[in-house]
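Okay, structure04.pdb is below, PDB, C-alpha atoms:
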ATOM      1  CA  MET A   1    -125.640-129.130  23.336  1.00  0.00           C
ATOM      2  CA  THR A   2    -125.099-125.923  25.276  1.00  0.00           C
ATOM      3  CA  THR A   3    -121.675-127.156  26.391  1.00  0.00           C
ATOM      4  CA  ALA A   4    -120.625-127.560  22.754  1.00  0.00           C
ATOM      5  CA  LEU A   5    -121.913-124.063  21.966  1.00  0.00           C
ATOM      6  CA  ILE A   6    -120.021-122.549  24.905  1.00  0.00           C
ATOM      7  CA  TYR A   7    -116.896-124.487  23.868  1.00  0.00           C
ATOM      8  CA  LEU A   8    -117.226-123.087  20.309  1.00  0.00           C
ATOM      9  CA  LEU A   9    -117.684-119.509  21.554  1.00  0.00           C
ATOM     10  CA  VAL A  10    -114.650-119.806  23.833  1.00  0.00           C
ATOM     11  CA  MET A  11    -112.588-121.158  20.928  1.00  0.00           C
ATOM     12  CA  LEU A  12    -113.659-118.234  18.730  1.00  0.00           C
ATOM     13  CA  LEU A  13    -112.805-115.757  21.487  1.00  0.00           C
ATOM     14  CA  VAL A  14    -109.365-117.319  22.009  1.00  0.00           C
ATOM     15  CA  ALA A  15    -108.731-117.281  18.244  1.00  0.00           C
ATOM     16  CA  ALA A  16    -109.716-113.599  18.049  1.00  0.00           C
ATOM     17  CA  VAL A  17    -107.388-112.689  20.928  1.00  0.00           C
ATOM     18  CA  VAL A  18    -104.491-114.631  19.370  1.00  0.00           C
ATOM     19  CA  PHE A  19    -105.117-112.943  16.015  1.00  0.00           C
ATOM     20  CA  LEU A  20    -105.210-109.508  17.642  1.00  0.00           C
ATOM     21  CA  LEU A  21    -101.979-110.131  19.549  1.00  0.00           C
ATOM     22  CA  ALA A  22    -100.253-111.481  16.441  1.00  0.00           C
ATOM     23  CA  SER A  23    -101.296-108.450  14.389  1.00  0.00           C
ATOM     24  CA  LEU A  24     -99.975-106.113  17.078  1.00  0.00           C
ATOM     25  CA  VAL A  25     -96.655-107.958  17.320  1.00  0.00           C
ATOM     26  CA  PHE A  26     -96.016-108.464  13.604  1.00  0.00           C
ATOM     27  CA  GLY A  27     -97.410-105.177  12.263  1.00  0.00           C
ATOM     28  CA  ARG A  28    -100.048-104.329   9.742  1.00  0.00           C
ATOM     29  CA  GLY A  29     -98.776-106.681   7.078  1.00  0.00           C
ATOM     30  CA  GLU A  30     -97.874-104.065   4.488  1.00  0.00           C
ATOM     31  CA  GLU A  31     -95.742-105.460   1.691  1.00  0.00           C
ATOM     32  CA  LEU A  32     -93.229-103.891  -0.664  1.00  0.00           C
ATOM     33  CA  ALA A  33     -92.632-105.040  -4.202  1.00  0.00           C
ATOM     34  CA  PRO A  34     -90.212-107.989  -4.286  1.00  0.00           C
ATOM     35  CA  LEU A  35     -86.587-107.278  -5.118  1.00  0.00           C
ATOM     36  CA  ALA A  36     -84.483-109.108  -7.635  1.00  0.00           C
ATOM     37  CA  PRO A  37     -82.395-111.853  -5.987  1.00  0.00           C
ATOM     38  CA  GLY A  38     -79.108-110.557  -4.596  1.00  0.00           C
ATOM     39  CA  SER A  39     -80.077-106.895  -4.842  1.00  0.00           C
ATOM     40  CA  SER A  40     -80.420-104.438  -1.991  1.00  0.00           C
ATOM     41  CA  PRO A  41     -82.514-101.264  -1.938  1.00  0.00           C
ATOM     42  CA  THR A  42     -80.199 -99.623   0.603  1.00  0.00           C
ATOM     43  CA  ARG A  43     -78.154 -97.343  -1.598  1.00  0.00           C
ATOM     44  CA  LEU A  44     -76.662 -93.987  -0.642  1.00  0.00           C
ATOM     45  CA  PRO A  45     -74.225 -91.791  -2.540  1.00  0.00           C
ATOM     46  CA  ALA A  46     -70.596 -91.975  -1.422  1.00  0.00           C
ATOM     47  CA  GLU A  47     -70.553 -88.218  -0.740  1.00  0.00           C
ATOM     48  CA  ASP A  48     -72.956 -85.294  -0.387  1.00  0.00           C
ATOM     49  CA  VAL A  49     -75.895 -87.237   1.028  1.00  0.00           C
ATOM     50  CA  THR A  50     -79.075 -85.162   0.973  1.00  0.00           C
ATOM     51  CA  GLY A  51     -82.411 -85.503   2.708  1.00  0.00           C
ATOM     52  CA  ALA A  52     -83.922 -86.804  -0.527  1.00  0.00           C
ATOM     53  CA  ASP A  53     -81.276 -89.551  -0.616  1.00  0.00           C
ATOM     54  CA  VAL A  54     -82.194 -90.601   2.916  1.00  0.00           C
ATOM     55  CA  ASP A  55     -85.918 -90.498   2.084  1.00  0.00           C
ATOM     56  CA  ALA A  56     -85.310 -92.803  -0.887  1.00  0.00           C
ATOM     57  CA  VAL A  57     -83.596 -95.498   1.211  1.00  0.00           C
ATOM     58  CA  ARG A  58     -85.543 -98.749   1.487  1.00  0.00           C
ATOM     59  CA  PHE A  59     -84.629-101.801   3.544  1.00  0.00           C
ATOM     60  CA  GLN A  60     -85.253-105.426   2.663  1.00  0.00           C
ATOM     61  CA  ILE A  61     -88.040-107.085   4.596  1.00  0.00           C
ATOM     62  CA  VAL A  62     -86.972-110.143   6.552  1.00  0.00           C
ATOM     63  CA  VAL A  63     -88.719-112.370   9.067  1.00  0.00           C
ATOM     64  CA  ARG A  64     -87.031-110.761  12.068  1.00  0.00           C
ATOM     65  CA  GLY A  65     -86.546-107.114  11.155  1.00  0.00           C
ATOM     66  CA  TYR A  66     -87.248-103.619  12.385  1.00  0.00           C
ATOM     67  CA  LYS A  67     -90.622-101.961  12.780  1.00  0.00           C
ATOM     68  CA  MET A  68     -91.111-100.167   9.475  1.00  0.00           C
ATOM     69  CA  SER A  69     -92.843 -97.108  10.924  1.00  0.00           C
ATOM     70  CA  GLU A  70     -89.937 -96.476  13.303  1.00  0.00           C
ATOM     71  CA  VAL A  71     -87.349 -96.827  10.523  1.00  0.00           C
ATOM     72  CA  ASP A  72     -89.357 -94.460   8.317  1.00  0.00           C
ATOM     73  CA  TRP A  73     -89.590 -91.931  11.170  1.00  0.00           C
ATOM     74  CA  VAL A  74     -85.832 -92.037  11.810  1.00  0.00           C
ATOM     75  CA  LEU A  75     -85.033 -91.696   8.116  1.00  0.00           C
ATOM     76  CA  ALA A  76     -87.378 -88.717   7.764  1.00  0.00           C
ATOM     77  CA  ARG A  77     -85.816 -87.040  10.786  1.00  0.00           C
ATOM     78  CA  LEU A  78     -82.265 -87.674   9.526  1.00  0.00           C
ATOM     79  CA  GLY A  79     -83.149 -86.371   6.070  1.00  0.00           C
ATOM     80  CA  ALA A  80     -84.596 -83.162   7.513  1.00  0.00           C
ATOM     81  CA  GLU A  81     -81.554 -82.722   9.762  1.00  0.00           C
ATOM     82  CA  ILE A  82     -79.148 -83.198   6.838  1.00  0.00           C
ATOM     83  CA  ASP A  83     -81.018 -80.629   4.737  1.00  0.00           C
ATOM     84  CA  GLU A  84     -81.096 -78.147   7.628  1.00  0.00           C
ATOM     85  CA  LEU A  85     -77.365 -78.541   8.315  1.00  0.00           C
ATOM     86  CA  ARG A  86     -76.469 -78.170   4.641  1.00  0.00           C
ATOM     87  CA  GLU A  87     -78.521 -74.971   4.455  1.00  0.00           C
ATOM     88  CA  ARG A  88     -76.752 -73.581   7.545  1.00  0.00           C
ATOM     89  CA  VAL A  89     -73.362 -74.425   5.993  1.00  0.00           C
ATOM     90  CA  ARG A  90     -74.360 -72.615   2.785  1.00  0.00           C
ATOM     91  CA  GLN A  91     -75.409 -69.560   4.791  1.00  0.00           C
ATOM     92  CA  LEU A  92     -72.197 -69.545   6.803  1.00  0.00           C
ATOM     93  CA  GLU A  93     -70.054 -70.001   3.719  1.00  0.00           C
ATOM     94  CA  ALA A  94     -71.858 -67.108   2.025  1.00  0.00           C
ATOM     95  CA  ARG A  95     -71.144 -64.682   4.888  1.00  0.00           C
ATOM     96  CA  PRO A  96     -67.367 -64.242   4.375  1.00  0.00           C
ATOM     97  CA  GLU A  97     -67.905 -63.607   0.678  1.00  0.00           C
ATOM     98  CA  CYS A  98     -70.310 -60.775   1.462  1.00  0.00           C
ATOM     99  CA  ALA A  99     -67.933 -59.324   4.045  1.00  0.00           C
ATOM    100  CA  GLU A 100     -64.986 -59.543   1.620  1.00  0.00           C
ATOM    101  CA  ARG A 101     -66.967 -57.784  -1.124  1.00  0.00           C
ATOM    102  CA  GLU A 102     -67.952 -54.967   1.227  1.00  0.00           C
ATOM    103  CA  ALA A 103     -64.368 -54.607   2.512  1.00  0.00           C
ATOM    104  CA  SER A 104     -62.884 -54.398  -0.978  1.00  0.00           C
ATOM    105  CA  SER A 105     -65.414 -51.755  -2.112  1.00  0.00           C
TER     106      SER A 105
END
Can you turn what I pasted into structure tokens?
Amino acid sequence: MTTALIYLLVMLLVAAVVFLLASLVFGRGEELAPLAPGSSPTRLPAEDVTGADVDAVRFQIVVRGYKMSEVDWVLARLGAEIDELRERVRQLEARPECAEREASS
């Protein structure tokens, strides 16, 4: 009787360890809404991509894919970098106009 109880406890422990390892390997199990067949959520404008465009990008979930948290982190970083660079370009483009106005006055 005690052997059967020990066997059961060992089986439960092994099952818990396998479940824990599987959840670490395959992620938290979050799910996105299903897409229509043949469609892709990965859309970006042909030109003038902004940080908001990068933030709005979504990838299809497949059996063997990327870790979603890492993809989200990279997209957030790229979006912030794009916005920062565009702002610097605007500032640099505005400088010659100010200098030209002052020179012509």
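Here CA of Leu8 in chain A is placed at a distance of 25.7 Å from CA of Val25 in chain A.
What separates CA of Met68 in chain A from CA of Ala46 in chain A is a distance of 24.6 Å.
Rounded to one decimal, CA of Lys67 in chain A and CA of Phe26 in chain A lie 8.5 Å from each other.
Of the residues under consideration (A:Tyr66, A:Gln91, A:Ile82, A:Asp72), A:Ile82 shows the shortest atom-to-atom contact distance to Ala52 in chain A when counting all atoms listed in the file.
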Of the listed residues A:Glu47, A:Gly27, A:Asp53, A:Met1, that which approaches Leu78 in chain A most closely, counting all atoms listed in the file: A:Asp53
Centre, edges in Å (one decimal): axis-aligned box, range 68-80 of chain A, 6 Å padding on all six sides, as JSON:
{"center_x": -87.6, "center_y": -91.7, "center_z": 9.7, "size_x": 22.6, "size_y": 29.0, "size_z": 19.2}
Translate the PyMOL selection byres ((chain A and resi 49) around 12), as applied to the file shown, into an explicit residue set as a PyMOL selection string. chain A and resi 43-48+50-57+78-83+85-86
